[in-house]
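**Q** Can you read through this structure? Questions will come right after.
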Amino acid sequence: MMNRLLLTLLTPVLATLLFGLPLSTHAQWPDRHGPTLNGHAAAADAKDLLTVWTADKGIAWKAELHDEGHSSPIVMNGKVWLTTATKDGKKQYVLAFDEETGEKVHDVMLFENRAPESLGGAKGFNNYAAPSCVAEDGAIYVHFGSFGTTRLDSKTAEVVWARRDLPCRHYRGPGSSPTLFEDMLILTFDGIDQQYTTALNKETGKTIWRTDRTTDYGDIGPDGKPHREGDLRKAYCTPGIARVGDQVQLLSVGSKAMQSYDIRTGKELWTVRHKNYNAGIRPIWLEQEGFAVINTGSRQAHVMAVKLDKTTTGDVTDSHIAWDRDKGNPRFAMPLYHDGLIYLITDTGVAACIDAKNGKELWKERVKGNYRSSPMIANGHIYFFSEEGRGTVLKLGRAFEEVAVNQVEAMGTTACPAVSKGAIFVRGKTHLFKIAGS
């Protein structure tokens with residue numbers, strides 16, 4: 001109980017020390033995975049969160065959205081931000097709403113694309129507004145993959161700088177979201193032609209470093225070209241951050257391998273090989289356990305724990321895998337850690353709890369629905385939001401305990417929820433919802 005209380009109270013401090021994230025009095029929700037990049041709401045923001053709501057009760061407001069997008073809402077200094085794009089990808093927008101009233105305060109078209117590449121086989125599944133924004137006091141960073149990246153003044157939504165010269169053939173649309181650290185905005189590009197990570201100066205937009213993946217994809221055919229045009233090189237992962245000793249590492253999962261980089265220089269530190277592609281789940285760093293937990297991507301995805309210490313260098317595939325869970329894993333939703341346990345939800349709605357020390361399953365239960373949204377932890381509960389509008393709340397613990405099931409069809413989502421000042425923000429099919437008491 002005391003450890004849980006201390007962790008809750010220290011959340012803003014840990015975010016600043018560990019991740020370099022500037023925080024206001026309320027930690028709010030500056031990243032799709034929250035103030036500490038791990039899906040946990042800060043105590044100040046989680047106070048009085050509802051566990052029960054309906055279409056008629058517990059909805060403080062809903063605001064209409066135009067066009068389409070998968071990007072998750074973020075909350076900073078009284079505004080809720082997200083992106084949208086036209087179905088054909090020719091126009092891409094950023095929207096902001098007043099946190100208290102739901103009034104739209106910004107609706108800005110940021111990029112026009114004369115002939116955007118088709119989404120191919122992902123048409124109807126992905127779209128042209130999938131990456132989420134990140135924020136800090138005074139600035140909003142908006143990213144649409146190779147279509148464009150920009151910093152906005154958070155008060156006026158005016159463009160401070162923009163980059164449209166970061167190449168990548170996404171082939172099935174972009175998906176990786178940006179990450180903030182100290183003076184850097186870090187972007188990941190895993191296309192069919194190029195696979196690299198780059199850090200931009202967040203004040204100027206200029207490139208600080210770029211590092212290409214060193215992965216051997218094993219996909220070169222007799223003609224000397226990658227199989228399926230390089231489609232098996234594609235990935236959508238947003239990187240995680242880990243502090244190991246006095247070094248801060250950027251953890252990035254791609255197709256067929258993951259790499260860790262020195263976050264300040266881009267130097268590759270270590271790698272783990274795997275057999276999957278389409279990796280899209282952010283790694284999490286479990287400092288208490290000494291592990292980084294990664295998800296390898298596709299339908300046969302593995303969840304594995306990689307031991308991180310001063311010996312973790314080079315190819316550690318055969319030496320530093322603490323445990324490897326080879327089935328029953330998500331493709332889209334990030335695992336969350338709390339008090340020695342890891343919680344998972346598969347895309348087909350099977351929730352599970354595993355022991356973080358050894359990967360052993362403690363319980364598994366079906367939670368109805370399909371899930372691309374990562375869950376959220378607050379007040380001893382974990383919240384799951386499905387594509388069909390089902391919001392399930394479970395009590396954290398070594399046994400399955402359902403607290404509430406809430407069904408609001410219009411709240412069906414593919415985006416992660418956000419938490420701020422006692423409210424949950426959910427991007428529904430056509431509206432942004434604020435779940436809060438009166």
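Residues in the structure tokens are numbered from 1 in each chain, the chains being A, B, ... in the order shown, and ligands are numbered from 1 in the order shown.
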Step one, run DSSP on the backbone; step two, keep only residues of region 47-275 of chain A assigned to strand (DSSP E); then write them as a VMD selection string.

**A** chain A and resid 59 to 64 74 to 76 79 to 85 91 to 98 104 to 112 134 to 136 139 to 143 149 to 153 159 to 163 179 to 181 184 to 190 195 to 201 207 to 212 240 to 244 247 to 253 257 to 262 268 to 273

**Q** Please provide as a ChimeraX atom specification all residues within 10 Å of region 320-325 of chain A, with the sequence filter that same-chain residues fewer than 3 positions apart are discarded (counting only C-alpha atoms).

**A** /A:272,290-295,301-309,311-313,315-317,328-329,354,356-361

**Q** Could the residues in this selection be written to a file with C-alpha atoms, as a compact mmCIF listing (two decimals), in the first residue's frame?

**A**
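File part-v5.txt, as written:
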# COMPACT_ATOMS: atom_id res chain seq x y z
CA VAL A 272 17.32 -8.45 -30.12
CA GLY A 290 15.40 -4.64 -14.42
CA PHE A 291 13.55 -5.59 -17.63
CA ALA A 292 12.37 -3.95 -20.79
CA VAL A 293 9.18 -5.64 -22.00
CA ILE A 294 8.70 -5.71 -25.76
CA ASN A 295 6.05 -6.96 -28.17
CA ALA A 301 3.58 -11.84 -31.64
CA HIS A 302 5.74 -12.64 -28.65
CA VAL A 303 5.93 -10.60 -25.46
CA MET A 304 9.40 -10.89 -23.99
CA ALA A 305 11.42 -9.40 -21.16
CA VAL A 306 14.94 -8.23 -21.95
CA LYS A 307 17.36 -7.88 -19.03
CA LEU A 308 18.92 -4.40 -19.01
CA ASP A 309 22.17 -3.71 -17.18
CA THR A 311 26.24 -6.19 -19.75
CA THR A 312 23.45 -5.54 -22.27
CA THR A 313 25.48 -4.71 -25.38
CA ASP A 315 23.29 -8.84 -30.01
CA VAL A 316 21.70 -10.10 -26.79
CA THR A 317 19.10 -12.42 -28.35
CA GLY A 328 -2.04 -14.99 -26.34
CA ASN A 329 -0.45 -11.58 -26.92
CA ILE A 354 1.10 -12.23 -15.91
CA ALA A 356 6.44 -9.69 -14.39
CA LYS A 357 9.29 -11.70 -12.86
CA ASN A 358 8.80 -14.84 -14.93
CA GLY A 359 6.04 -14.19 -17.51
CA LYS A 360 3.75 -16.85 -16.00
CA GLU A 361 0.03 -16.31 -16.57

**Q** Please provide the set of residues having any atom within 10 Å of Thr238 (chain A), restricted to only C-alpha atoms, with same-chain residues fewer than 6 positions apart removed, written as a list of chain:residue names.

**A**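 The filter keeps A:Pro131, A:Ser132, A:Gly175, A:Ser176, A:Ser177, A:Pro178, A:Thr179, A:Ile186, A:Leu187, A:Thr188, A:Phe189, A:Leu251, A:Ser252, A:Val253, A:Gly254, A:Ala279, A:Gly280, A:Ile281, A:Arg282, A:Pro283.
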
**Q** Keeping only N, CA and C atoms, write the selected residues to a file as a PDB file, in the first residue's frame.

**A**
ATOM      1  N   PRO A 131      -0.736   8.795 -36.268  1.00  0.00           N
ATOM      2  CA  PRO A 131       0.163   9.188 -35.176  1.00  0.00           C
ATOM      3  C   PRO A 131      -0.483  10.234 -34.272  1.00  0.00           C
ATOM      4  N   SER A 132      -0.165  10.175 -32.994  1.00  0.00           N
ATOM      5  CA  SER A 132      -0.717  11.115 -32.018  1.00  0.00           C
ATOM      6  C   SER A 132       0.246  12.276 -31.787  1.00  0.00           C
ATOM      7  N   GLY A 175       2.155   5.286 -38.678  1.00  0.00           N
ATOM      8  CA  GLY A 175       1.546   4.892 -37.414  1.00  0.00           C
ATOM      9  C   GLY A 175       2.344   5.302 -36.196  1.00  0.00           C
ATOM     10  N   SER A 176       3.657   5.453 -36.322  1.00  0.00           N
ATOM     11  CA  SER A 176       4.507   5.771 -35.176  1.00  0.00           C
ATOM     12  C   SER A 176       4.280   7.201 -34.706  1.00  0.00           C
ATOM     13  N   SER A 177       4.142   7.375 -33.391  1.00  0.00           N
ATOM     14  CA  SER A 177       3.963   8.704 -32.812  1.00  0.00           C
ATOM     15  C   SER A 177       5.300   9.258 -32.341  1.00  0.00           C
ATOM     16  N   PRO A 178       5.429  10.576 -32.238  1.00  0.00           N
ATOM     17  CA  PRO A 178       6.675  11.182 -31.770  1.00  0.00           C
ATOM     18  C   PRO A 178       6.861  11.013 -30.265  1.00  0.00           C
ATOM     19  N   THR A 179       8.096  11.191 -29.827  1.00  0.00           N
ATOM     20  CA  THR A 179       8.456  11.115 -28.414  1.00  0.00           C
ATOM     21  C   THR A 179       9.302  12.328 -28.058  1.00  0.00           C
ATOM     22  N   ILE A 186      11.718  13.041 -31.073  1.00  0.00           N
ATOM     23  CA  ILE A 186      12.243  11.823 -31.689  1.00  0.00           C
ATOM     24  C   ILE A 186      11.161  11.179 -32.550  1.00  0.00           C
ATOM     25  N   LEU A 187      11.528  10.864 -33.800  1.00  0.00           N
ATOM     26  CA  LEU A 187      10.598  10.308 -34.775  1.00  0.00           C
ATOM     27  C   LEU A 187      11.114   8.973 -35.286  1.00  0.00           C
ATOM     28  N   THR A 188      10.182   8.061 -35.564  1.00  0.00           N
ATOM     29  CA  THR A 188      10.524   6.729 -36.064  1.00  0.00           C
ATOM     30  C   THR A 188       9.878   6.511 -37.420  1.00  0.00           C
ATOM     31  N   PHE A 189      10.679   6.065 -38.376  1.00  0.00           N
ATOM     32  CA  PHE A 189      10.187   5.786 -39.726  1.00  0.00           C
ATOM     33  C   PHE A 189      10.569   4.363 -40.098  1.00  0.00           C
ATOM     34  N   LEU A 251      14.241   2.725 -26.731  1.00  0.00           N
ATOM     35  CA  LEU A 251      13.909   1.348 -27.081  1.00  0.00           C
ATOM     36  C   LEU A 251      12.958   1.342 -28.272  1.00  0.00           C
ATOM     37  N   SER A 252      13.387   0.766 -29.390  1.00  0.00           N
ATOM     38  CA  SER A 252      12.617   0.850 -30.629  1.00  0.00           C
ATOM     39  C   SER A 252      12.481  -0.522 -31.270  1.00  0.00           C
ATOM     40  N   VAL A 253      11.241  -0.984 -31.384  1.00  0.00           N
ATOM     41  CA  VAL A 253      10.976  -2.299 -31.978  1.00  0.00           C
ATOM     42  C   VAL A 253      10.596  -2.129 -33.447  1.00  0.00           C
ATOM     43  N   GLY A 254      11.277  -2.850 -34.308  1.00  0.00           N
ATOM     44  CA  GLY A 254      10.966  -2.843 -35.729  1.00  0.00           C
ATOM     45  C   GLY A 254      10.623  -4.239 -36.201  1.00  0.00           C
ATOM     46  N   ALA A 279       5.491  -4.508 -36.045  1.00  0.00           N
ATOM     47  CA  ALA A 279       5.553  -4.135 -34.636  1.00  0.00           C
ATOM     48  C   ALA A 279       4.934  -2.755 -34.441  1.00  0.00           C
ATOM     49  N   GLY A 280       4.025  -2.654 -33.467  1.00  0.00           N
ATOM     50  CA  GLY A 280       3.348  -1.377 -33.268  1.00  0.00           C
ATOM     51  C   GLY A 280       3.143  -1.004 -31.815  1.00  0.00           C
ATOM     52  N   ILE A 281       3.671  -1.782 -30.872  1.00  0.00           N
ATOM     53  CA  ILE A 281       3.427  -1.555 -29.454  1.00  0.00           C
ATOM     54  C   ILE A 281       4.682  -0.994 -28.788  1.00  0.00           C
ATOM     55  N   ARG A 282       4.492   0.069 -28.039  1.00  0.00           N
ATOM     56  CA  ARG A 282       5.612   0.738 -27.374  1.00  0.00           C
ATOM     57  C   ARG A 282       6.220  -0.174 -26.301  1.00  0.00           C
ATOM     58  N   PRO A 283       7.545  -0.315 -26.251  1.00  0.00           N
ATOM     59  CA  PRO A 283       8.177  -1.062 -25.159  1.00  0.00           C
ATOM     60  C   PRO A 283       7.995  -0.337 -23.828  1.00  0.00           C
TER      61      PRO A 283
END

**Q** Rounded to one decimal place, report the CA of Leu269 (chain A)-CA of Arg169 (chain A) distance in Å.

**A**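 CA of Arg169 (chain A) lies 26.4 Å from CA of Leu269 (chain A).
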
**Q** Residues near region 207-221 of chain A, anyone? I mean within 6 Å using only C-alpha atoms, not counting same-chain ones fewer than 4 positions away, as a PDB file with N, CA and C atoms, in the first residue's frame.

**A**
ATOM      1  N   GLN A 195      14.250   2.558 -43.074  1.00  0.00           N
ATOM      2  CA  GLN A 195      13.877   2.269 -41.685  1.00  0.00           C
ATOM      3  C   GLN A 195      14.905   2.986 -40.802  1.00  0.00           C
ATOM      4  N   TYR A 196      14.457   4.036 -40.114  1.00  0.00           N
ATOM      5  CA  TYR A 196      15.405   4.818 -39.323  1.00  0.00           C
ATOM      6  C   TYR A 196      14.699   5.574 -38.204  1.00  0.00           C
ATOM      7  N   THR A 197      15.510   6.031 -37.254  1.00  0.00           N
ATOM      8  CA  THR A 197      15.051   6.900 -36.177  1.00  0.00           C
ATOM      9  C   THR A 197      15.829   8.200 -36.266  1.00  0.00           C
ATOM     10  N   THR A 198      15.152   9.309 -36.009  1.00  0.00           N
ATOM     11  CA  THR A 198      15.823  10.597 -36.066  1.00  0.00           C
ATOM     12  C   THR A 198      15.381  11.474 -34.907  1.00  0.00           C
ATOM     13  N   ALA A 199      16.292  12.299 -34.427  1.00  0.00           N
ATOM     14  CA  ALA A 199      15.998  13.258 -33.364  1.00  0.00           C
ATOM     15  C   ALA A 199      16.118  14.663 -33.932  1.00  0.00           C
ATOM     16  N   LEU A 200      15.066  15.462 -33.729  1.00  0.00           N
ATOM     17  CA  LEU A 200      15.068  16.852 -34.166  1.00  0.00           C
ATOM     18  C   LEU A 200      15.206  17.768 -32.956  1.00  0.00           C
ATOM     19  N   LYS A 225      16.010  -7.945 -54.956  1.00  0.00           N
ATOM     20  CA  LYS A 225      15.079  -6.977 -54.386  1.00  0.00           C
ATOM     21  C   LYS A 225      14.326  -7.578 -53.192  1.00  0.00           C
ATOM     22  N   PRO A 226      13.882  -6.740 -52.257  1.00  0.00           N
ATOM     23  CA  PRO A 226      13.124  -7.259 -51.112  1.00  0.00           C
ATOM     24  C   PRO A 226      11.807  -7.894 -51.544  1.00  0.00           C
ATOM     25  N   HIS A 227      11.444  -8.976 -50.902  1.00  0.00           N
ATOM     26  CA  HIS A 227      10.182  -9.668 -51.151  1.00  0.00           C
ATOM     27  C   HIS A 227       9.014  -8.728 -50.881  1.00  0.00           C
ATOM     28  N   GLY A 266      22.121   8.747 -30.657  1.00  0.00           N
ATOM     29  CA  GLY A 266      21.621   7.839 -31.682  1.00  0.00           C
ATOM     30  C   GLY A 266      22.475   6.606 -31.875  1.00  0.00           C
TER      31      GLY A 266
END

**Q** Using CA of Asp31 (chain A) and CA of Gly380 (chain A) as the two end points, give the distance in Å to one decimal.

**A**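 Spanning CA of Asp31 (chain A) to CA of Gly380 (chain A) is a straight-line distance of 21.1 Å.
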